[in-house]
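This report refers to the structure that appears directly beneath it.
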Amino acid sequence: MKIGLITSNTYQNHDTGPGHPEQIARVSVINQNLKKYNNKNILWKKPSIITDDIIEDVHDASYVDLVKNSFPAKGLSSLDGDTIISPGSKKATFDAAGSVISAIDGVQNKEFKSAFCSVRPPGHHCNQNKAAGFCILNNIAIGAKYLLKRHKYKRIAIVDFDVHHGNGTQDIFYNNKNVLFISTHQYPFYPGTGSEKEKGKFDNICNIPLPAGTNSEEYLNAFEFALKRLKEFKPEFVLISAGFDGHAADPLAQFKLDTEDYYEITKRILESSKKFCNGKIVSILEGGYDLQALQDSTKRHVDALLEFN
């Protein structure tokens, strides 16, 4: 079976200004690198047009209205201290969320077995009503709610291996027994959340905080606990918040992972969940700010998805 790679050209119009780490080149280097391989098992696909009712399953209607009216007619503006927007950010934002819908529908319709969404802006710091940390809509949360509501799944697992805690995703699903949220992250660190004590109403939040300087062996040993929780939950569908900023080369954090670790992490998620979800995996790009490390690590992430098929 094929895997889907969902992306759009509109990410190029999301201008965050000079020197901002969440830059246009992040997605450009990923897409250019993956297209070089010309693999017949990769199906490139565009995002779906996403409707307000799908977004409002996650975000307050008032927040969605606020976002729509926040994009400047020219120049740059901001939704919070880190989250810079430009006129072209609007289409990029809604296409990023629409990419997840396109990926899920592609898996459901058996166009491909699994998918990677190469998108920006990222999403996992955004909660029901607040942009944060470069994130405007919570792409992965929109995907999870879409699976629950539109496709009638009962057990969705979200695995977030970004080096920063996915506080927005945790907030959205804190009281939802149908969603298991697992996050490995540097702690204490931005955004300040993600302690082991944050467990969710139904013990459905699994935080694995790790110290600055965590190396490959230490990380992969800790990740076994995430995989244990995944197997206990028996997910019917797995979503991955794929942040590559735990790489040793990344300028925004202090983990010491290498490129091959992202192949190993992905492979272990696939192997641990295949019995329950039959390989139904959609991965969404989150962080990763060293362009070479991001290009190489996403390639190994996609390699693992391809091999599993």
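Letters A, B, ... mark the chains of the structure tokens in the order given; residue numbers begin at 1 per chain; ligand numbers begin at 1, in order shown.
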To test your reading of the structure, identify every residue in region 144-273 of chain A that backbone DSSP assigns to strand (DSSP E or B), and report it as JSON, numbers by chain. {"A": [156, 157, 158, 159, 160, 179, 180, 181, 182, 183, 184, 185, 186, 205, 206, 207, 208, 209, 210, 215, 237, 238, 239, 240, 241, 242, 247, 256, 257]}
Once DSSP has gone over the backbone, tell me which residues of region 64-178 of chain A are in helix (DSSP H, G or I), as an MDAnalysis selection string. chainID A and resid 64:68 89:108 139:149 167:173
What's around region 272-275 of chain A at 8 Å? Count only C-alpha atoms, leave out sequence neighbours fewer than 4 positions away in its own chain, and write the answer as a PDB file with all heavy atoms, in the first residue's frame.
```
ATOM      1  N   LEU A 227       5.066   3.357  24.902  1.00  0.00           N
ATOM      2  CA  LEU A 227       4.589   2.227  24.100  1.00  0.00           C
ATOM      3  C   LEU A 227       3.750   1.265  24.939  1.00  0.00           C
ATOM      4  O   LEU A 227       2.768   0.693  24.444  1.00  0.00           O
ATOM      5  CB  LEU A 227       5.786   1.486  23.490  1.00  0.00           C
ATOM      6  CG  LEU A 227       6.663   2.337  22.564  1.00  0.00           C
ATOM      7  CD1 LEU A 227       7.889   1.564  22.133  1.00  0.00           C
ATOM      8  CD2 LEU A 227       5.885   2.825  21.344  1.00  0.00           C
ATOM      9  N   LEU A 230       0.378   2.756  25.140  1.00  0.00           N
ATOM     10  CA  LEU A 230      -0.264   2.624  23.830  1.00  0.00           C
ATOM     11  C   LEU A 230      -0.892   1.237  23.691  1.00  0.00           C
ATOM     12  O   LEU A 230      -2.057   1.100  23.275  1.00  0.00           O
ATOM     13  CB  LEU A 230       0.788   2.853  22.738  1.00  0.00           C
ATOM     14  CG  LEU A 230       0.328   3.216  21.339  1.00  0.00           C
ATOM     15  CD1 LEU A 230      -0.470   4.507  21.330  1.00  0.00           C
ATOM     16  CD2 LEU A 230       1.531   3.338  20.401  1.00  0.00           C
ATOM     17  N   LYS A 231      -0.143   0.209  24.066  1.00  0.00           N
ATOM     18  CA  LYS A 231      -0.660  -1.159  23.961  1.00  0.00           C
ATOM     19  C   LYS A 231      -1.828  -1.397  24.908  1.00  0.00           C
ATOM     20  O   LYS A 231      -2.796  -2.090  24.576  1.00  0.00           O
ATOM     21  CB  LYS A 231       0.468  -2.161  24.254  1.00  0.00           C
ATOM     22  CG  LYS A 231       1.540  -2.219  23.184  1.00  0.00           C
ATOM     23  CD  LYS A 231       2.689  -3.131  23.650  1.00  0.00           C
ATOM     24  CE  LYS A 231       3.863  -3.059  22.696  1.00  0.00           C
ATOM     25  NZ  LYS A 231       5.038  -3.778  23.214  1.00  0.00           N
ATOM     26  N   LYS A 234      -5.031   0.185  23.395  1.00  0.00           N
ATOM     27  CA  LYS A 234      -5.533  -0.487  22.189  1.00  0.00           C
ATOM     28  C   LYS A 234      -6.199   0.501  21.215  1.00  0.00           C
ATOM     29  O   LYS A 234      -7.387   0.404  20.895  1.00  0.00           O
ATOM     30  CB  LYS A 234      -6.520  -1.610  22.543  1.00  0.00           C
ATOM     31  CG  LYS A 234      -5.938  -2.703  23.425  1.00  0.00           C
ATOM     32  CD  LYS A 234      -6.978  -3.769  23.745  1.00  0.00           C
ATOM     33  CE  LYS A 234      -6.390  -4.939  24.500  1.00  0.00           C
ATOM     34  NZ  LYS A 234      -5.824  -4.580  25.808  1.00  0.00           N
ATOM     35  N   PRO A 235      -5.453   1.459  20.703  1.00  0.00           N
ATOM     36  CA  PRO A 235      -6.047   2.489  19.840  1.00  0.00           C
ATOM     37  C   PRO A 235      -6.537   1.922  18.517  1.00  0.00           C
ATOM     38  O   PRO A 235      -5.918   1.022  17.942  1.00  0.00           O
ATOM     39  CB  PRO A 235      -4.886   3.466  19.616  1.00  0.00           C
ATOM     40  CG  PRO A 235      -3.664   2.608  19.736  1.00  0.00           C
ATOM     41  CD  PRO A 235      -3.978   1.616  20.818  1.00  0.00           C
ATOM     42  N   VAL A 238      -4.088   6.000  15.234  1.00  0.00           N
ATOM     43  CA  VAL A 238      -3.011   6.724  15.917  1.00  0.00           C
ATOM     44  C   VAL A 238      -2.670   7.992  15.142  1.00  0.00           C
ATOM     45  O   VAL A 238      -2.491   7.964  13.918  1.00  0.00           O
ATOM     46  CB  VAL A 238      -1.749   5.845  16.069  1.00  0.00           C
ATOM     47  CG1 VAL A 238      -0.598   6.655  16.688  1.00  0.00           C
ATOM     48  CG2 VAL A 238      -2.044   4.614  16.916  1.00  0.00           C
ATOM     49  N   ARG A 268       8.777   1.991  16.267  1.00  0.00           N
ATOM     50  CA  ARG A 268       8.243   1.422  17.517  1.00  0.00           C
ATOM     51  C   ARG A 268       6.764   1.775  17.705  1.00  0.00           C
ATOM     52  O   ARG A 268       5.988   0.947  18.209  1.00  0.00           O
ATOM     53  CB  ARG A 268       9.068   1.894  18.710  1.00  0.00           C
ATOM     54  CG  ARG A 268      10.469   1.316  18.729  1.00  0.00           C
ATOM     55  CD  ARG A 268      11.193   1.650  20.026  1.00  0.00           C
ATOM     56  NE  ARG A 268      12.596   1.284  19.974  1.00  0.00           N
ATOM     57  CZ  ARG A 268      13.415   1.324  21.016  1.00  0.00           C
ATOM     58  NH1 ARG A 268      12.970   1.728  22.199  1.00  0.00           N
ATOM     59  NH2 ARG A 268      14.686   0.972  20.890  1.00  0.00           N
ATOM     60  N   GLY A 279      -2.252  -0.319  11.224  1.00  0.00           N
ATOM     61  CA  GLY A 279      -1.394   0.619  10.506  1.00  0.00           C
ATOM     62  C   GLY A 279      -2.027   1.947  10.171  1.00  0.00           C
ATOM     63  O   GLY A 279      -1.443   2.742   9.423  1.00  0.00           O
ATOM     64  N   LYS A 280      -3.212   2.214  10.705  1.00  0.00           N
ATOM     65  CA  LYS A 280      -3.882   3.491  10.418  1.00  0.00           C
ATOM     66  C   LYS A 280      -3.233   4.594  11.261  1.00  0.00           C
ATOM     67  O   LYS A 280      -3.543   4.778  12.434  1.00  0.00           O
ATOM     68  CB  LYS A 280      -5.385   3.382  10.698  1.00  0.00           C
ATOM     69  CG  LYS A 280      -6.104   2.538   9.652  1.00  0.00           C
ATOM     70  CD  LYS A 280      -7.593   2.520   9.852  1.00  0.00           C
ATOM     71  CE  LYS A 280      -7.976   1.495  10.885  1.00  0.00           C
ATOM     72  NZ  LYS A 280      -9.415   1.194  10.878  1.00  0.00           N
TER      73      LYS A 280
END
```
Point-to-point distance from CA of Ile3 (chain A) to CA of Ala226 (chain A), Å rounded to tenths: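 Separating CA of Ile3 (chain A) from CA of Ala226 (chain A) is a distance of 24.3 Å.
Closest approach to Ser89 (chain A) from the set A:Asp15, A:Glu264, A:Asp290, A:Asp250 is made by A:Asp15, with distances taken over only C-alpha atoms.
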Which polymer residues have any atom within 10 Å of an atom of Gly81 (chain A), counting only C-alpha atoms, with same-chain residues fewer than 5 positions away left out, as a ChimeraX atom specification? /A:131-134
Hey, can you spit out that residue selection with N, CA and C atoms as a short mmCIF file (atom, residue, chain, number, x, y, z; two decimals), in the first residue's frame?
```cif
data_model
loop_
_atom_site.label_atom_id
_atom_site.label_comp_id
_atom_site.auth_asym_id
_atom_site.auth_seq_id
_atom_site.Cartn_x
_atom_site.Cartn_y
_atom_site.Cartn_z
N ALA A 131 -4.14 31.11 20.73
CA ALA A 131 -2.94 30.80 19.96
C ALA A 131 -1.72 30.87 20.88
N ALA A 132 -0.70 30.06 20.58
CA ALA A 132 0.52 30.08 21.38
C ALA A 132 1.62 29.33 20.64
N GLY A 133 2.87 29.73 20.91
CA GLY A 133 4.02 28.95 20.46
C GLY A 133 4.03 28.63 18.98
N PHE A 134 3.73 29.61 18.14
CA PHE A 134 3.70 29.49 16.67
C PHE A 134 2.43 28.82 16.15
#
```
Closest atom pairs, region 191-246 of chain A residues within 12 Å of region 26-33 of chain A, only C-alpha atoms, as JSON lines:
```
{"residue": "A:Gly243", "atom": "CA", "partner": "A:Arg26", "partner_atom": "CA", "distance": 11.8}
{"residue": "A:Phe244", "atom": "CA", "partner": "A:Arg26", "partner_atom": "CA", "distance": 11.0}
{"residue": "A:Asp245", "atom": "CA", "partner": "A:Arg26", "partner_atom": "CA", "distance": 11.8}
```
Residue contacts of Phe173 (chain A) (8 Å, only C-alpha atoms) excluding same-chain residues fewer than 6 positions away, as a ChimeraX atom specification: /A:179,181,200
Taking only C-alpha atoms into account, which of A:Ala242, A:Ala249, A:Leu76, A:Ile158 comes nearest Asn207 (chain A)?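 Closest candidate: A:Ile158.
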What lies within 10 Å of Pro188 (chain A) using only C-alpha atoms, ignoring chain neighbours under 4 positions off, as number ranges by chain? A: 164-165, 192-195, 209-212
Residues near Arg300 (chain A), cut-off 7 Å, only C-alpha atoms, skip fewer than 6 positions along chain, as a compact mmCIF listing (two decimals) with N, CA and C atoms, in the first residue's frame:
```txt
# COMPACT_ATOMS: atom_id res chain seq x y z
N GLU A 260 18.71 9.08 13.20
CA GLU A 260 18.21 7.69 13.18
C GLU A 260 17.19 7.43 14.28
N TYR A 262 14.65 9.09 14.96
CA TYR A 262 13.29 9.36 14.48
C TYR A 262 12.75 8.19 13.65
N TYR A 263 13.64 7.47 12.99
CA TYR A 263 13.24 6.21 12.35
C TYR A 263 12.82 5.20 13.42
```
